[in-house]
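As stored in coords.tsv (TSV, C-alpha atoms):
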```
chain	number	residue	atom	x	y	z
A	181	MET	CA	-41.13	34.01	12.27
A	182	LYS	CA	-39.84	31.64	14.94
A	183	ALA	CA	-40.68	28.62	12.76
A	184	LEU	CA	-38.66	30.16	9.89
A	185	LYS	CA	-35.59	30.55	12.14
A	186	VAL	CA	-35.90	26.93	13.30
A	187	ALA	CA	-36.22	25.74	9.68
A	188	ILE	CA	-33.17	27.73	8.56
A	189	THR	CA	-31.16	26.46	11.52
A	190	ALA	CA	-32.19	22.87	10.75
A	191	ILE	CA	-31.18	23.26	7.07
A	192	ALA	CA	-27.84	24.77	8.07
A	193	LEU	CA	-27.22	21.89	10.46
A	194	VAL	CA	-28.04	19.28	7.80
A	195	LEU	CA	-25.73	21.00	5.30
A	196	THR	CA	-22.92	21.19	7.85
A	197	VAL	CA	-23.22	17.46	8.60
A	198	ALA	CA	-23.33	16.64	4.86
A	199	LEU	CA	-20.24	18.75	4.16
A	200	GLN	CA	-18.37	17.16	7.08
A	201	ALA	CA	-19.23	13.69	5.77
A	202	GLN	CA	-17.87	14.66	2.34
A	203	VAL	CA	-14.59	15.84	3.86
A	204	ASP	CA	-14.20	12.57	5.78
A	205	VAL	CA	-14.76	10.52	2.63
A	206	ASN	CA	-12.20	12.51	0.66
A	207	ILE	CA	-9.56	12.05	3.33
A	208	ASN	CA	-9.84	8.25	3.17
A	209	ILE	CA	-9.72	7.99	-0.62
A	210	GLY	CA	-6.30	7.74	-2.18
A	211	SER	CA	-4.32	6.27	0.71
A	212	PRO	CA	-0.82	5.29	-0.35
A	213	PRO	CA	-0.30	1.57	-0.95
A	214	MET	CA	1.50	-0.54	1.63
A	215	TRP	CA	4.36	-1.00	-0.86
A	216	GLY	CA	4.72	2.77	-1.21
A	217	PRO	CA	7.71	4.58	0.25
A	218	ALA	CA	7.25	5.79	3.84
A	219	GLY	CA	7.43	9.48	4.69
A	220	TYR	CA	5.70	10.97	1.66
A	221	SER	CA	2.12	11.74	2.58
A	222	GLY	CA	0.34	14.07	0.20
A	223	VAL	CA	2.26	13.02	-2.92
A	224	GLN	CA	0.15	12.08	-5.95
A	225	TYR	CA	2.51	10.06	-8.18
A	226	TYR	CA	5.36	7.57	-8.05
A	227	TYR	CA	7.44	6.72	-11.09
A	228	LEU	CA	8.42	3.03	-11.23
A	229	PRO	CA	11.57	2.94	-13.38
A	230	ASP	CA	11.85	-0.85	-13.55
A	231	VAL	CA	8.44	-1.15	-15.23
A	232	TYR	CA	8.31	2.21	-17.06
A	233	SER	CA	5.10	3.13	-15.26
A	234	TYR	CA	3.57	5.69	-12.94
A	235	TYR	CA	1.34	5.04	-9.96
A	236	ASP	CA	-1.44	7.50	-9.12
A	237	VAL	CA	-1.94	7.39	-5.35
A	238	SER	CA	-5.25	9.27	-5.42
A	239	SER	CA	-6.91	6.84	-7.85
A	240	SER	CA	-4.89	3.71	-6.94
A	241	MET	CA	-4.11	3.22	-10.63
A	242	PHE	CA	-1.01	2.40	-12.61
A	243	ILE	CA	-0.38	4.51	-15.69
A	244	TYR	CA	1.60	2.94	-18.52
A	245	GLN	CA	1.86	2.87	-22.28
A	246	SER	CA	0.04	0.27	-24.29
A	247	ARG	CA	0.16	0.41	-28.08
A	248	GLY	CA	1.38	3.99	-27.96
A	249	LYS	CA	-1.36	5.25	-25.63
A	250	TRP	CA	-1.20	6.00	-21.91
A	251	ILE	CA	-3.76	3.92	-20.03
A	252	HIS	CA	-4.89	3.78	-16.41
A	253	ARG	CA	-5.34	0.35	-14.83
A	254	SER	CA	-5.49	-1.07	-11.32
A	255	TYR	CA	-2.80	-3.56	-12.33
A	256	LEU	CA	0.49	-3.62	-14.21
A	257	PRO	CA	0.73	-5.18	-17.69
A	258	THR	CA	1.11	-8.98	-17.77
A	259	ARG	CA	4.77	-8.73	-18.79
A	260	TYR	CA	5.41	-7.37	-15.26
A	261	ARG	CA	3.16	-9.82	-13.39
A	262	ASN	CA	6.11	-11.07	-11.33
A	263	TYR	CA	7.44	-7.61	-10.49
A	264	ASP	CA	7.78	-7.10	-6.73
A	265	LEU	CA	6.41	-3.67	-5.85
A	266	TYR	CA	7.80	-3.96	-2.32
A	267	SER	CA	11.41	-4.32	-3.42
A	268	GLY	CA	11.27	-2.17	-6.56
A	269	TYR	CA	12.41	1.44	-6.34
A	270	LYS	CA	9.76	4.17	-6.38
A	271	VAL	CA	10.69	7.68	-7.52
A	272	VAL	CA	8.42	10.02	-5.55
A	273	MET	CA	7.18	12.78	-7.85
A	274	THR	CA	7.23	15.63	-5.32
A	275	ASP	CA	7.67	18.31	-7.98
A	276	TYR	CA	4.71	17.42	-10.20
A	277	HIS	CA	1.08	18.37	-9.65
A	278	GLY	CA	-1.37	17.66	-12.44
A	279	ASN	CA	-3.15	14.86	-14.23
A	280	THR	CA	-0.57	13.74	-16.80
A	281	PRO	CA	2.78	12.85	-15.18
A	282	TYR	CA	3.79	11.09	-18.39
A	283	THR	CA	4.19	14.50	-20.03
A	284	HIS	CA	7.76	14.29	-18.70
A	285	TYR	CA	8.20	10.56	-19.47
A	286	LYS	CA	11.16	10.99	-21.84
A	287	THR	CA	13.05	12.88	-19.12
A	288	HIS	CA	12.05	10.41	-16.39
A	289	LYS	CA	13.03	7.41	-18.54
A	290	ILE	CA	16.54	8.83	-19.01
A	291	LYS	CA	17.05	10.30	-15.53
A	292	TYR	CA	15.64	7.22	-13.76
A	293	ALA	CA	16.68	4.36	-16.06
A	294	LYS	CA	15.65	0.76	-15.39
A	295	GLY	CA	17.50	-0.42	-12.28
A	296	TYR	CA	17.77	3.11	-10.84
A	297	ARG	CA	18.25	3.25	-7.09
A	298	GLY	CA	18.23	6.57	-5.29
A	299	PRO	CA	18.31	7.15	-1.55
A	300	ALA	CA	17.30	4.14	0.55
A	301	GLN	CA	13.57	3.66	0.97
A	302	LYS	CA	11.41	1.96	3.55
A	303	ASN	CA	7.96	0.77	2.59
A	304	ILE	CA	4.87	1.92	4.46
A	305	GLY	CA	3.96	-1.69	5.29
A	306	VAL	CA	5.41	-5.17	5.45
A	307	LYS	CA	5.14	-7.41	2.40
A	308	PRO	CA	2.24	-9.88	2.79
A	309	GLY	CA	3.38	-13.37	3.63
A	310	LYS	CA	6.66	-12.09	5.01
A	311	LYS	CA	6.96	-11.45	8.71
A	312	ASN	CA	9.52	-9.07	10.04
A	313	SER	CA	12.17	-10.46	12.38
A	314	TYR	CA	10.31	-9.15	15.46
A	315	ALA	CA	7.17	-11.06	14.46
A	316	LYS	CA	9.19	-14.21	13.68
A	317	GLN	CA	10.90	-14.06	17.06
A	318	ASN	CA	7.58	-13.60	18.85
A	319	ALA	CA	6.11	-16.57	16.97
A	320	LYS	CA	9.06	-18.75	18.04
A	321	ASN	CA	8.72	-17.60	21.65
A	322	TYR	CA	4.97	-18.28	21.60
A	323	SER	CA	5.53	-21.82	20.29
A	324	LYS	CA	8.10	-22.55	23.00
A	325	GLU	CA	5.83	-21.14	25.73
A	326	LYS	CA	2.87	-23.16	24.47
A	327	ALA	CA	4.92	-26.38	24.43
A	328	ASN	CA	6.12	-25.71	27.96
A	329	GLN	CA	2.61	-24.95	29.23
A	330	ASP	CA	1.07	-28.18	28.00
A	331	GLY	CA	4.07	-30.23	29.08
A	332	GLY	CA	4.41	-31.63	25.60
A	333	LYS	CA	0.97	-33.35	25.79
A	334	ASN	CA	-0.15	-31.83	22.50
A	335	ASN	CA	3.04	-32.63	20.65
A	336	LYS	CA	2.81	-35.03	17.74
A	337	GLY	CA	4.45	-37.91	19.58
A	338	LYS	CA	7.88	-38.87	20.75
A	339	ASN	CA	9.43	-38.74	17.30
A	340	GLY	CA	7.68	-35.47	16.33
A	341	ASN	CA	5.77	-36.81	13.33
A	342	GLY	CA	2.59	-38.02	14.97
A	343	HIS	CA	3.63	-41.67	15.05
A	344	GLY	CA	4.71	-42.00	18.70
A	345	LYS	CA	3.67	-45.07	20.60
A	346	LYS	CA	0.69	-44.94	22.94
A	347	LYS	CA	1.26	-45.85	26.56
```

Have the structure of the file written as structure tokens, please.
Amino acid sequence: MKALKVAITAIALVLTVALQAQVDVNINIGSPPMWGPAGYSGVQYYYLPDVYSYYDVSSSMFIYQSRGKWIHRSYLPTRYRNYDLYSGYKVVMTDYHGNTPYTHYKTHKIKYAKGYRGPAQKNIGVKPGKKNSYAKQNAKNYSKEKANQDGGKNNKGKNGNGHGKKK
């Protein structure tokens, strides 16, 4: 009888750990992209009016029409390969919950025409390759401090291009 209680307790413990692991995995899946608008956790879709597409946060997929059919891809069509997701406006679909946001595409296309700009948005992250002014200022300060610390010994030479005369 005691062995049965221990076995049941052990099984319950294993199931609890397995269920907790599943919850942790689900929380990490579907994080909003760094180019997404800040302040909207828990939203599933963005509509991107400039490229006539939706973005599904939970699957990290773009949804757009191709040859009359709605397709899901991890990238935008090639005609939008130069589109800047960081500067483009994202309409946050707070009022839609389902699997087919394009059901309302005709309405969205009219209400949020190409070039639409609603309230100001801030992105979740900084665009790669672009440093914010705080980071730029810190980089300048670091360079100045480093030059002062080594007394100019590691500079490229008197004329700054590596062709200074040796003493």

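Closest approach to A:Tyr234 among A:Tyr220, A:Tyr263, A:Trp215, A:Tyr282: A:Tyr282, based on only C-alpha atoms.
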
Kindly assemble as a tab-separated table a list of the stretch 199-282 of chain A residues that lie within 9 Å of stretch 293-303 of chain A, each paired with its nearest atom pair and their distance in Å to one decimal, using all atoms listed in the file, sorted first by chain and then by ascending residue number.
```
residue	atom	partner	partner_atom	distance
A:Met214	CA	A:Asn303	CA	6.7
A:Trp215	CA	A:Asn303	CA	5.3
A:Gly216	CA	A:Asn303	CA	5.4
A:Pro217	CA	A:Asn303	CA	4.5
A:Ala218	CA	A:Asn303	CA	5.2
A:Gly219	CA	A:Lys302	CA	8.6
A:Leu228	CA	A:Lys294	CA	8.6
A:Pro229	CA	A:Lys294	CA	5.0
A:Asp230	CA	A:Lys294	CA	4.5
A:Val231	CA	A:Lys294	CA	7.5
A:Tyr232	CA	A:Lys294	CA	7.7
A:Tyr266	CA	A:Asn303	CA	6.8
A:Ser267	CA	A:Asn303	CA	8.6
A:Gly268	CA	A:Gly295	CA	8.6
A:Tyr269	CA	A:Arg297	CA	6.2
A:Lys270	CA	A:Gln301	CA	8.3
A:Val271	CA	A:Gly298	CA	7.9
```

Could those residues be written to a file, using C-alpha atoms, as a CSV table (one decimal), in the frame of the given file?
```csv
chain,number,residue,atom,x,y,z
A,214,MET,CA,1.5,-0.5,1.6
A,215,TRP,CA,4.4,-1.0,-0.9
A,216,GLY,CA,4.7,2.8,-1.2
A,217,PRO,CA,7.7,4.6,0.2
A,218,ALA,CA,7.2,5.8,3.8
A,219,GLY,CA,7.4,9.5,4.7
A,228,LEU,CA,8.4,3.0,-11.2
A,229,PRO,CA,11.6,2.9,-13.4
A,230,ASP,CA,11.8,-0.8,-13.6
A,231,VAL,CA,8.4,-1.2,-15.2
A,232,TYR,CA,8.3,2.2,-17.1
A,266,TYR,CA,7.8,-4.0,-2.3
A,267,SER,CA,11.4,-4.3,-3.4
A,268,GLY,CA,11.3,-2.2,-6.6
A,269,TYR,CA,12.4,1.4,-6.3
A,270,LYS,CA,9.8,4.2,-6.4
A,271,VAL,CA,10.7,7.7,-7.5
```

Query raised in the report: Hey, what's within 12 Å of A:Ile251 if we count all atoms listed in the file and toss same-chain stuff fewer than 5 positions away? As JSON, numbers by chain, please?
Result: {"A": [233, 234, 235, 236, 241, 242, 243, 244, 245, 246, 256, 257, 280, 282]}
